[in-house]
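**Student:** Below is upload_22.pdb; it holds PDB, C-alpha atoms and all ligand atoms.
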ATOM      1  CA  MET A 147     127.128 142.004 166.212  1.00  0.00           C
ATOM      2  CA  LYS A 148     125.050 142.657 163.143  1.00  0.00           C
ATOM      3  CA  ARG A 149     124.666 139.113 161.875  1.00  0.00           C
ATOM      4  CA  SER A 150     125.981 140.286 158.511  1.00  0.00           C
ATOM      5  CA  LYS A 151     128.559 137.579 158.016  1.00  0.00           C
ATOM      6  CA  ALA A 152     127.710 133.919 158.330  1.00  0.00           C
ATOM      7  CA  GLU A 153     129.383 130.855 156.919  1.00  0.00           C
ATOM      8  CA  LEU A 154     129.346 127.100 157.337  1.00  0.00           C
ATOM      9  CA  LEU A 155     132.659 126.088 158.891  1.00  0.00           C
ATOM     10  CA  ILE A 156     132.100 122.351 158.791  1.00  0.00           C
ATOM     11  CA  SER A 157     129.502 119.600 158.694  1.00  0.00           C
ATOM     12  CA  ALA A 158     131.022 117.291 161.261  1.00  0.00           C
ATOM     13  CA  VAL A 159     130.394 113.561 161.509  1.00  0.00           C
ATOM     14  CA  SER A 160     132.790 113.045 164.405  1.00  0.00           C
ATOM     15  CA  PRO A 161     134.255 115.116 167.252  1.00  0.00           C
ATOM     16  CA  ASP A 162     137.724 115.322 165.718  1.00  0.00           C
ATOM     17  CA  GLN A 163     136.164 117.556 163.037  1.00  0.00           C
ATOM     18  CA  PHE A 164     134.712 120.101 165.459  1.00  0.00           C
ATOM     19  CA  PRO A 165     136.188 123.605 165.021  1.00  0.00           C
ATOM     20  CA  THR A 166     139.114 124.386 167.282  1.00  0.00           C
ATOM     21  CA  LYS A 167     139.107 128.205 167.178  1.00  0.00           C
ATOM     22  CA  GLY A 168     137.457 128.396 170.586  1.00  0.00           C
ATOM     23  CA  LEU A 169     134.632 130.795 169.628  1.00  0.00           C
ATOM     24  CA  PRO A 170     131.589 130.580 171.932  1.00  0.00           C
ATOM     25  CA  GLU A 171     128.913 128.216 170.673  1.00  0.00           C
ATOM     26  CA  ILE A 172     125.121 128.038 170.882  1.00  0.00           C
ATOM     27  CA  ALA A 173     123.556 124.720 169.857  1.00  0.00           C
ATOM     28  CA  LEU A 174     120.078 123.946 168.578  1.00  0.00           C
ATOM     29  CA  ALA A 175     117.946 121.092 169.900  1.00  0.00           C
ATOM     30  CA  GLY A 176     114.520 119.855 168.943  1.00  0.00           C
ATOM     31  CA  ARG A 177     112.401 117.263 167.210  1.00  0.00           C
ATOM     32  CA  SER A 178     113.127 116.420 163.624  1.00  0.00           C
ATOM     33  CA  ASN A 179     111.276 118.765 161.248  1.00  0.00           C
ATOM     34  CA  VAL A 180     110.388 121.238 163.999  1.00  0.00           C
ATOM     35  CA  GLY A 181     112.323 124.030 162.289  1.00  0.00           C
ATOM     36  CA  LYS A 182     115.838 124.160 163.774  1.00  0.00           C
ATOM     37  CA  SER A 183     117.608 124.822 160.470  1.00  0.00           C
ATOM     38  CA  SER A 184     114.889 127.307 159.482  1.00  0.00           C
ATOM     39  CA  PHE A 185     115.452 129.090 162.803  1.00  0.00           C
ATOM     40  CA  ILE A 186     119.125 129.582 161.912  1.00  0.00           C
ATOM     41  CA  ASN A 187     118.267 130.932 158.470  1.00  0.00           C
ATOM     42  CA  ALA A 188     115.621 133.327 159.795  1.00  0.00           C
ATOM     43  CA  LEU A 189     117.849 134.532 162.609  1.00  0.00           C
ATOM     44  CA  LEU A 190     120.706 135.246 160.215  1.00  0.00           C
ATOM     45  CA  ASN A 191     118.452 136.614 157.452  1.00  0.00           C
ATOM     46  CA  ARG A 192     119.583 133.943 155.013  1.00  0.00           C
ATOM     47  CA  LYS A 193     117.324 131.825 152.894  1.00  0.00           C
ATOM     48  CA  LYS A 194     119.520 128.824 152.288  1.00  0.00           C
ATOM     49  CA  LEU A 195     122.481 128.904 154.633  1.00  0.00           C
ATOM     50  CA  ALA A 196     121.216 125.910 156.618  1.00  0.00           C
ATOM     51  CA  ARG A 197     119.557 123.212 154.521  1.00  0.00           C
ATOM     52  CA  THR A 198     115.897 122.664 155.349  1.00  0.00           C
ATOM     53  CA  SER A 199     113.276 120.237 154.114  1.00  0.00           C
ATOM     54  CA  SER A 200     109.582 119.512 154.448  1.00  0.00           C
ATOM     55  CA  LYS A 201     110.631 115.923 155.146  1.00  0.00           C
ATOM     56  CA  PRO A 202     112.051 115.104 158.579  1.00  0.00           C
ATOM     57  CA  GLY A 203     115.617 113.885 158.908  1.00  0.00           C
ATOM     58  CA  LYS A 204     117.251 116.564 156.745  1.00  0.00           C
ATOM     59  CA  THR A 205     120.121 117.558 159.019  1.00  0.00           C
ATOM     60  CA  ARG A 206     122.373 114.547 159.582  1.00  0.00           C
ATOM     61  CA  THR A 207     125.590 116.076 160.842  1.00  0.00           C
ATOM     62  CA  LEU A 208     126.662 118.690 163.386  1.00  0.00           C
ATOM     63  CA  ASN A 209     126.851 121.864 161.311  1.00  0.00           C
ATOM     64  CA  PHE A 210     128.898 124.739 162.668  1.00  0.00           C
ATOM     65  CA  TYR A 211     127.935 128.209 161.387  1.00  0.00           C
ATOM     66  CA  GLU A 212     130.265 131.035 162.284  1.00  0.00           C
ATOM     67  CA  VAL A 213     128.560 134.433 162.688  1.00  0.00           C
ATOM     68  CA  ASP A 214     130.410 137.770 162.512  1.00  0.00           C
ATOM     69  CA  GLU A 215     133.638 136.023 163.475  1.00  0.00           C
ATOM     70  CA  SER A 216     132.391 136.009 167.077  1.00  0.00           C
ATOM     71  CA  LEU A 217     130.062 133.107 167.673  1.00  0.00           C
ATOM     72  CA  ILE A 218     129.138 129.726 166.266  1.00  0.00           C
ATOM     73  CA  LEU A 219     125.598 128.374 165.898  1.00  0.00           C
ATOM     74  CA  VAL A 220     125.516 124.588 165.841  1.00  0.00           C
ATOM     75  CA  ASP A 221     122.710 122.920 163.892  1.00  0.00           C
ATOM     76  CA  VAL A 222     122.062 119.318 164.880  1.00  0.00           C
ATOM     77  CA  PRO A 223     119.989 116.362 163.662  1.00  0.00           C
ATOM     78  CA  GLY A 224     116.535 116.306 165.246  1.00  0.00           C
ATOM     79  CA  TYR A 225     115.295 113.622 167.594  1.00  0.00           C
ATOM     80  CA  GLY A 226     112.168 111.521 167.261  1.00  0.00           C
ATOM     81  CA  TYR A 227     112.383 110.673 163.590  1.00  0.00           C
ATOM     82  CA  ALA A 228     111.115 107.130 163.183  1.00  0.00           C
ATOM     83  CA  LYS A 229     112.640 106.396 159.783  1.00  0.00           C
ATOM     84  CA  VAL A 230     116.238 106.787 160.837  1.00  0.00           C
ATOM     85  CA  SER A 231     117.824 103.391 161.520  1.00  0.00           C
ATOM     86  CA  LYS A 232     118.481 102.403 165.111  1.00  0.00           C
ATOM     87  CA  ALA A 233     122.206 102.410 164.441  1.00  0.00           C
ATOM     88  CA  GLU A 234     122.144 105.922 163.011  1.00  0.00           C
ATOM     89  CA  LYS A 235     119.985 107.203 165.870  1.00  0.00           C
ATOM     90  CA  ALA A 236     122.418 105.742 168.349  1.00  0.00           C
ATOM     91  CA  ARG A 237     125.364 107.312 166.528  1.00  0.00           C
ATOM     92  CA  TRP A 238     123.734 110.780 166.445  1.00  0.00           C
ATOM     93  CA  GLY A 239     122.643 110.428 170.043  1.00  0.00           C
ATOM     94  CA  ARG A 240     126.186 109.622 171.132  1.00  0.00           C
ATOM     95  CA  MET A 241     127.685 112.440 169.109  1.00  0.00           C
ATOM     96  CA  ILE A 242     125.186 115.049 170.361  1.00  0.00           C
ATOM     97  CA  GLU A 243     125.462 113.850 173.936  1.00  0.00           C
ATOM     98  CA  HIS A 244     129.236 113.895 173.754  1.00  0.00           C
ATOM     99  CA  TYR A 245     129.097 117.395 172.303  1.00  0.00           C
ATOM    100  CA  LEU A 246     126.644 118.734 174.918  1.00  0.00           C
ATOM    101  CA  MET A 247     128.490 117.180 177.825  1.00  0.00           C
ATOM    102  CA  THR A 248     132.062 117.998 176.932  1.00  0.00           C
ATOM    103  CA  ARG A 249     132.111 121.101 174.773  1.00  0.00           C
ATOM    104  CA  GLU A 250     133.843 123.798 176.754  1.00  0.00           C
ATOM    105  CA  GLN A 251     132.871 126.675 174.499  1.00  0.00           C
ATOM    106  CA  LEU A 252     129.154 125.751 174.605  1.00  0.00           C
ATOM    107  CA  ARG A 253     127.320 128.695 176.183  1.00  0.00           C
ATOM    108  CA  GLY A 254     123.745 127.565 175.849  1.00  0.00           C
ATOM    109  CA  VAL A 255     121.107 125.670 173.913  1.00  0.00           C
ATOM    110  CA  VAL A 256     118.159 126.887 171.878  1.00  0.00           C
ATOM    111  CA  GLN A 257     115.421 124.276 172.280  1.00  0.00           C
ATOM    112  CA  VAL A 258     112.888 124.546 169.471  1.00  0.00           C
ATOM    113  CA  ILE A 259     109.295 123.387 170.073  1.00  0.00           C
ATOM    114  CA  ASP A 260     106.304 123.478 167.709  1.00  0.00           C
ATOM    115  CA  ILE A 261     103.924 126.035 169.237  1.00  0.00           C
ATOM    116  CA  ARG A 262     100.886 124.110 167.989  1.00  0.00           C
ATOM    117  CA  HIS A 263     101.421 120.890 169.944  1.00  0.00           C
ATOM    118  CA  PRO A 264     102.109 119.871 173.524  1.00  0.00           C
ATOM    119  CA  PRO A 265     105.786 118.985 174.038  1.00  0.00           C
ATOM    120  CA  THR A 266     106.575 115.308 173.405  1.00  0.00           C
ATOM    121  CA  ASP A 267     108.184 113.007 175.972  1.00  0.00           C
ATOM    122  CA  GLU A 268     111.456 113.467 174.113  1.00  0.00           C
ATOM    123  CA  ASP A 269     111.121 117.254 174.352  1.00  0.00           C
ATOM    124  CA  VAL A 270     110.649 116.935 178.108  1.00  0.00           C
ATOM    125  CA  GLN A 271     113.618 114.566 178.370  1.00  0.00           C
ATOM    126  CA  MET A 272     115.807 116.966 176.419  1.00  0.00           C
ATOM    127  CA  TYR A 273     114.785 119.916 178.592  1.00  0.00           C
ATOM    128  CA  GLN A 274     115.495 117.964 181.775  1.00  0.00           C
ATOM    129  CA  TYR A 275     118.779 116.708 180.392  1.00  0.00           C
ATOM    130  CA  LEU A 276     119.936 120.265 179.578  1.00  0.00           C
ATOM    131  CA  LYS A 277     118.843 121.406 183.028  1.00  0.00           C
ATOM    132  CA  HIS A 278     120.720 118.536 184.608  1.00  0.00           C
ATOM    133  CA  PHE A 279     123.932 119.673 182.938  1.00  0.00           C
ATOM    134  CA  GLU A 280     123.140 123.260 183.942  1.00  0.00           C
ATOM    135  CA  LEU A 281     123.200 124.534 180.396  1.00  0.00           C
ATOM    136  CA  PRO A 282     121.419 127.851 179.851  1.00  0.00           C
ATOM    137  CA  ILE A 283     118.325 127.313 177.685  1.00  0.00           C
ATOM    138  CA  ILE A 284     116.277 129.514 175.397  1.00  0.00           C
ATOM    139  CA  ILE A 285     112.927 127.986 174.389  1.00  0.00           C
ATOM    140  CA  ILE A 286     111.714 128.889 170.925  1.00  0.00           C
ATOM    141  CA  THR A 287     108.059 128.118 170.195  1.00  0.00           C
ATOM    142  CA  THR A 288     108.118 128.142 166.420  1.00  0.00           C
ATOM    143  CA  LYS A 289     105.653 128.029 163.506  1.00  0.00           C
ATOM    144  CA  ALA A 290     103.629 130.753 165.270  1.00  0.00           C
ATOM    145  CA  ASP A 291     102.409 131.858 161.834  1.00  0.00           C
ATOM    146  CA  LYS A 292     100.287 128.709 161.804  1.00  0.00           C
ATOM    147  CA  LEU A 293      98.236 129.933 164.774  1.00  0.00           C
ATOM    148  CA  SER A 294      96.107 133.047 165.015  1.00  0.00           C
ATOM    149  CA  LYS A 295      97.510 135.680 167.357  1.00  0.00           C
ATOM    150  CA  ASN A 296      94.841 135.250 170.010  1.00  0.00           C
ATOM    151  CA  LYS A 297      95.530 131.518 170.280  1.00  0.00           C
ATOM    152  CA  ARG A 298      99.259 131.880 170.876  1.00  0.00           C
ATOM    153  CA  PRO A 299      99.274 132.697 174.613  1.00  0.00           C
ATOM    154  CA  LYS A 300      97.311 129.526 175.405  1.00  0.00           C
ATOM    155  CA  HIS A 301      99.804 127.460 173.421  1.00  0.00           C
ATOM    156  CA  VAL A 302     102.803 129.115 175.051  1.00  0.00           C
ATOM    157  CA  LYS A 303     101.291 128.151 178.400  1.00  0.00           C
ATOM    158  CA  GLN A 304     100.846 124.587 177.142  1.00  0.00           C
ATOM    159  CA  VAL A 305     104.530 124.452 176.223  1.00  0.00           C
ATOM    160  CA  ARG A 306     105.632 126.042 179.511  1.00  0.00           C
ATOM    161  CA  GLU A 307     103.601 123.587 181.560  1.00  0.00           C
ATOM    162  CA  GLY A 308     104.343 120.562 179.388  1.00  0.00           C
ATOM    163  CA  LEU A 309     108.103 121.088 179.662  1.00  0.00           C
ATOM    164  CA  GLY A 310     107.998 122.342 183.219  1.00  0.00           C
ATOM    165  CA  VAL A 311     109.936 125.454 182.152  1.00  0.00           C
ATOM    166  CA  ARG A 312     111.711 127.104 185.067  1.00  0.00           C
ATOM    167  CA  LYS A 313     111.294 130.781 185.752  1.00  0.00           C
ATOM    168  CA  GLU A 314     114.797 131.639 184.619  1.00  0.00           C
ATOM    169  CA  ASP A 315     114.225 130.329 181.086  1.00  0.00           C
ATOM    170  CA  LYS A 316     112.838 132.553 178.355  1.00  0.00           C
ATOM    171  CA  VAL A 317     110.109 131.341 176.004  1.00  0.00           C
ATOM    172  CA  ILE A 318     110.069 133.230 172.713  1.00  0.00           C
ATOM    173  CA  VAL A 319     107.234 133.066 170.185  1.00  0.00           C
ATOM    174  CA  PHE A 320     108.849 132.645 166.790  1.00  0.00           C
ATOM    175  CA  SER A 321     108.147 132.236 163.106  1.00  0.00           C
ATOM    176  CA  ALA A 322     110.786 131.530 160.498  1.00  0.00           C
ATOM    177  CA  GLU A 323     108.099 132.365 157.943  1.00  0.00           C
ATOM    178  CA  THR A 324     107.395 135.943 159.124  1.00  0.00           C
ATOM    179  CA  GLY A 325     110.521 136.683 161.169  1.00  0.00           C
ATOM    180  CA  LEU A 326     108.487 137.103 164.347  1.00  0.00           C
ATOM    181  CA  GLY A 327     110.698 136.877 167.431  1.00  0.00           C
ATOM    182  CA  LYS A 328     114.020 136.827 165.627  1.00  0.00           C
ATOM    183  CA  ASP A 329     115.412 140.008 167.152  1.00  0.00           C
ATOM    184  CA  GLU A 330     114.332 138.911 170.611  1.00  0.00           C
ATOM    185  CA  ALA A 331     115.943 135.508 170.035  1.00  0.00           C
ATOM    186  CA  TRP A 332     119.149 137.163 168.888  1.00  0.00           C
ATOM    187  CA  GLN A 333     119.222 139.409 171.971  1.00  0.00           C
ATOM    188  CA  GLU A 334     118.886 136.378 174.230  1.00  0.00           C
ATOM    189  CA  ILE A 335     121.657 134.555 172.392  1.00  0.00           C
ATOM    190  CA  VAL A 336     123.977 137.548 172.670  1.00  0.00           C
ATOM    191  CA  ALA A 337     123.113 137.824 176.370  1.00  0.00           C
ATOM    192  CA  LEU A 338     124.313 134.247 176.909  1.00  0.00           C
ATOM    193  CA  LEU A 339     127.687 135.139 175.440  1.00  0.00           C
ATOM    194  CA  SER A 340     128.359 137.822 178.014  1.00  0.00           C
ATOM    195  CA  ASP A 341     127.255 135.822 181.065  1.00  0.00           C
TER     196      ASP A 341
HETATM  197  P1  LIG A 401     115.695 118.165 160.787  1.00  0.00           P
HETATM  198  O1  LIG A 401     116.904 118.706 160.112  1.00  0.00           O
HETATM  199  O2  LIG A 401     115.070 117.032 160.051  1.00  0.00           O
HETATM  200  O3  LIG A 401     115.919 117.829 162.223  1.00  0.00           O
HETATM  201  O4  LIG A 401     114.543 119.317 160.756  1.00  0.00           O
HETATM  202  P2  LIG A 401     114.634 120.833 161.206  1.00  0.00           P
HETATM  203  O5  LIG A 401     114.207 120.938 162.633  1.00  0.00           O
HETATM  204  O6  LIG A 401     115.936 121.430 160.849  1.00  0.00           O
HETATM  205  O7  LIG A 401     113.454 121.496 160.339  1.00  0.00           O
HETATM  206  P3  LIG A 401     113.566 122.448 159.043  1.00  0.00           P
HETATM  207  O8  LIG A 401     114.142 123.768 159.416  1.00  0.00           O
HETATM  208  O9  LIG A 401     114.198 121.701 157.940  1.00  0.00           O
HETATM  209  O10 LIG A 401     112.021 122.727 158.741  1.00  0.00           O
HETATM  210  C1  LIG A 401     111.098 121.674 158.536  1.00  0.00           C
HETATM  211  C2  LIG A 401     109.884 122.186 157.767  1.00  0.00           C
HETATM  212  O11 LIG A 401     109.169 123.145 158.572  1.00  0.00           O
HETATM  213  C3  LIG A 401     110.240 122.922 156.475  1.00  0.00           C
HETATM  214  O12 LIG A 401     109.266 122.606 155.511  1.00  0.00           O
HETATM  215  C4  LIG A 401     110.156 124.392 156.864  1.00  0.00           C
HETATM  216  O13 LIG A 401     109.845 125.249 155.783  1.00  0.00           O
HETATM  217  C5  LIG A 401     109.015 124.376 157.874  1.00  0.00           C
HETATM  218  N1  LIG A 401     109.125 125.468 158.858  1.00  0.00           N
HETATM  219  C6  LIG A 401     110.146 125.716 159.681  1.00  0.00           C
HETATM  220  N2  LIG A 401     109.910 126.799 160.456  1.00  0.00           N
HETATM  221  C7  LIG A 401     108.680 127.249 160.097  1.00  0.00           C
HETATM  222  C8  LIG A 401     107.855 128.346 160.533  1.00  0.00           C
HETATM  223  O14 LIG A 401     108.196 129.140 161.415  1.00  0.00           O
HETATM  224  N3  LIG A 401     106.625 128.462 159.941  1.00  0.00           N
HETATM  225  C9  LIG A 401     106.195 127.607 158.972  1.00  0.00           C
HETATM  226  N4  LIG A 401     104.974 127.809 158.470  1.00  0.00           N
HETATM  227  N5  LIG A 401     106.947 126.580 158.529  1.00  0.00           N
HETATM  228  C10 LIG A 401     108.172 126.401 159.090  1.00  0.00           C
HETATM  229 MG    MG A 402     117.627 120.602 160.139  1.00  0.00          MG
END
Take the structure in the file and write it out as structure tokens.
Ligand code: GTP
Ligand code: MG
**Tutor:**
Amino acid sequence: MKRSKAELLISAVSPDQFPTKGLPEIALAGRSNVGKSSFINALLNRKKLARTSSKPGKTRTLNFYEVDESLILVDVPGYGYAKVSKAEKARWGRMIEHYLMTREQLRGVVQVIDIRHPPTDEDVQMYQYLKHFELPIIIITTKADKLSKNKRPKHVKQVREGLGVRKEDKVIVFSAETGLGKDEAWQEIVALLSD
């Protein structure tokens, strides 16, 4: 797979809109504004495929991006954004939970964490939740360009310990800005498809 072809299949607001082709799926998870949509763009070498914003709360639907006619990346609304109404939060939460728990073609989740900060309680909850449902996880510590190289290992350790990352889970240092880690991330995603 060369990641040469990528297109938005649908921005879904309810499960009846989810694609029915049966292609394997990899979903994103992470705090609002952490860089989930930017991760998709960097990974697929596209500037504006997934919509991004400097303001949190940009992604508000489940967006299914088909890649090379062989896999679907699913961008999701972030958690932890205070300005979203309680009702909307509850609706997203239900939709994402329903998706994660019932989606047969879901092969794994890319959990995106800001490399600069310790994981939040919600990050820890999400990690434990994914573990509970035995979903394979790839941890992406993003915005690495905002830290000098020699500081990164200490921050990766902080993320590993904060989340309680198990041995079997990969932690990849990433930057959507410079492209650091994107080939490694892609390899890990492809590996999940063949498991
Ligand atoms: P929601 O859709 O609100 O959940 O946010 P998101 O997680 O999709 O974040 P998004 O990709 O929209 O990025 C949020 C902001 O972070 C944007 O201003 C991006 O340009 C910036 N950003 C994302 N990744 C990186 C990165 O690796 N380095 C730097 N410097 N900025 C980044
Ligand atoms: Mg987004």
**Student:** Residues within 12 Å of A:Lys303, please, as a list in words. Count all atoms listed in the file; anything in the same chain fewer than 6 positions from it doesn't count.
**Tutor:**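 Near neighbours after the sequence-gap exclusion: Ile261, Arg262, His263, Pro264, Pro265, Thr287, Lys297, Leu309, Gly310, Val311, Val317, Ile318 and Val319 of chain A.
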**Student:** Using the chain letters and numbers from the file, give me the residues hit by the PyMOL selection byres (((not hetatm)) within 9 of (chain A and resi 402)), as a PyMOL selection string.
**Tutor:** chain A and resi 178-184+196-199+202-206+221-224
**Student:** Hey, can you spit out that residue selection with C-alpha atoms as a short mmCIF file (atom, residue, chain, number, x, y, z; two decimals), keeping the file's coordinate frame?
**Tutor:**
data_model
loop_
_atom_site.label_atom_id
_atom_site.label_comp_id
_atom_site.auth_asym_id
_atom_site.auth_seq_id
_atom_site.Cartn_x
_atom_site.Cartn_y
_atom_site.Cartn_z
CA SER A 178 113.13 116.42 163.62
CA ASN A 179 111.28 118.76 161.25
CA VAL A 180 110.39 121.24 164.00
CA GLY A 181 112.32 124.03 162.29
CA LYS A 182 115.84 124.16 163.77
CA SER A 183 117.61 124.82 160.47
CA SER A 184 114.89 127.31 159.48
CA ALA A 196 121.22 125.91 156.62
CA ARG A 197 119.56 123.21 154.52
CA THR A 198 115.90 122.66 155.35
CA SER A 199 113.28 120.24 154.11
CA PRO A 202 112.05 115.10 158.58
CA GLY A 203 115.62 113.88 158.91
CA LYS A 204 117.25 116.56 156.74
CA THR A 205 120.12 117.56 159.02
CA ARG A 206 122.37 114.55 159.58
CA ASP A 221 122.71 122.92 163.89
CA VAL A 222 122.06 119.32 164.88
CA PRO A 223 119.99 116.36 163.66
CA GLY A 224 116.54 116.31 165.25
#
**Student:** Calculate, to one decimal in Å, the centre and edge lengths of the box along x, y and z of the file that holds all listed atoms of stretch 158-164 of chain A with 5 Å of margin on each side, and present them as JSON.
**Tutor:**
{"center_x": 134.1, "center_y": 116.6, "center_z": 164.3, "size_x": 17.3, "size_y": 17.1, "size_z": 16.0}
**Student:** When the PyMOL selection byres (((chain A and resi 189) around 9) and not hetatm) is applied to the structure above, which residues does it catch, written out as a PyMOL selection string?
**Tutor:** chain A and resi 149+184-188+190-192+322+325+327-329+331-332
**Student:** I want to know what sits within 12 Å of A:Ile335, based on all atoms listed in the file, with residues of the same chain fewer than 5 positions away left out; could you give that as a ChimeraX atom specification?
**Tutor:** /A:147,149,170-174,186,189,213,217-219,252-256,282-286,316,318,328-330,340-341
**Student:** Excluding same-chain residues fewer than 3 positions from A:Met241, what lies within 9 Å of it counting only C-alpha atoms, as an MDAnalysis selection string?
**Tutor:** chainID A and resid 159:161 208 236:238 244:246
**Student:** Could the residues in this selection be saved with C-alpha atoms as an mmCIF file, in the coordinates of the input?
**Tutor:**
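Contents of out00.cif, freshly written:
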data_model
loop_
_atom_site.group_PDB
_atom_site.id
_atom_site.type_symbol
_atom_site.label_atom_id
_atom_site.label_comp_id
_atom_site.auth_asym_id
_atom_site.auth_seq_id
_atom_site.Cartn_x
_atom_site.Cartn_y
_atom_site.Cartn_z
ATOM 1 C CA VAL A 159 130.394 113.561 161.509
ATOM 2 C CA SER A 160 132.790 113.045 164.405
ATOM 3 C CA PRO A 161 134.255 115.116 167.252
ATOM 4 C CA LEU A 208 126.662 118.690 163.386
ATOM 5 C CA ALA A 236 122.418 105.742 168.349
ATOM 6 C CA ARG A 237 125.364 107.312 166.528
ATOM 7 C CA TRP A 238 123.734 110.780 166.445
ATOM 8 C CA HIS A 244 129.236 113.895 173.754
ATOM 9 C CA TYR A 245 129.097 117.395 172.303
ATOM 10 C CA LEU A 246 126.644 118.734 174.918
#
**Student:** Might you pull out every residue within 12 Å of A:Lys167, with all atoms listed in the file counted and same-chain residues fewer than 6 positions away left off, and present them as a PyMOL selection string?
**Tutor:** chain A and resi 155+210+212+215-218+250-251
**Student:** For A:Ser157, which residue among A:Lys193, A:Tyr211, A:Lys295, A:Glu268 is the nearest when counting all atoms listed in the file?
**Tutor:**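 Answer, going by the shortest atom-to-atom distance: A:Tyr211.
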**Student:** What gap, in Å, lies between atom CA of A:Arg306 and atom CA of A:Glu280?
**Tutor:**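 Going from atom CA of A:Arg306 over to atom CA of A:Glu280, I get 18.3 Å.
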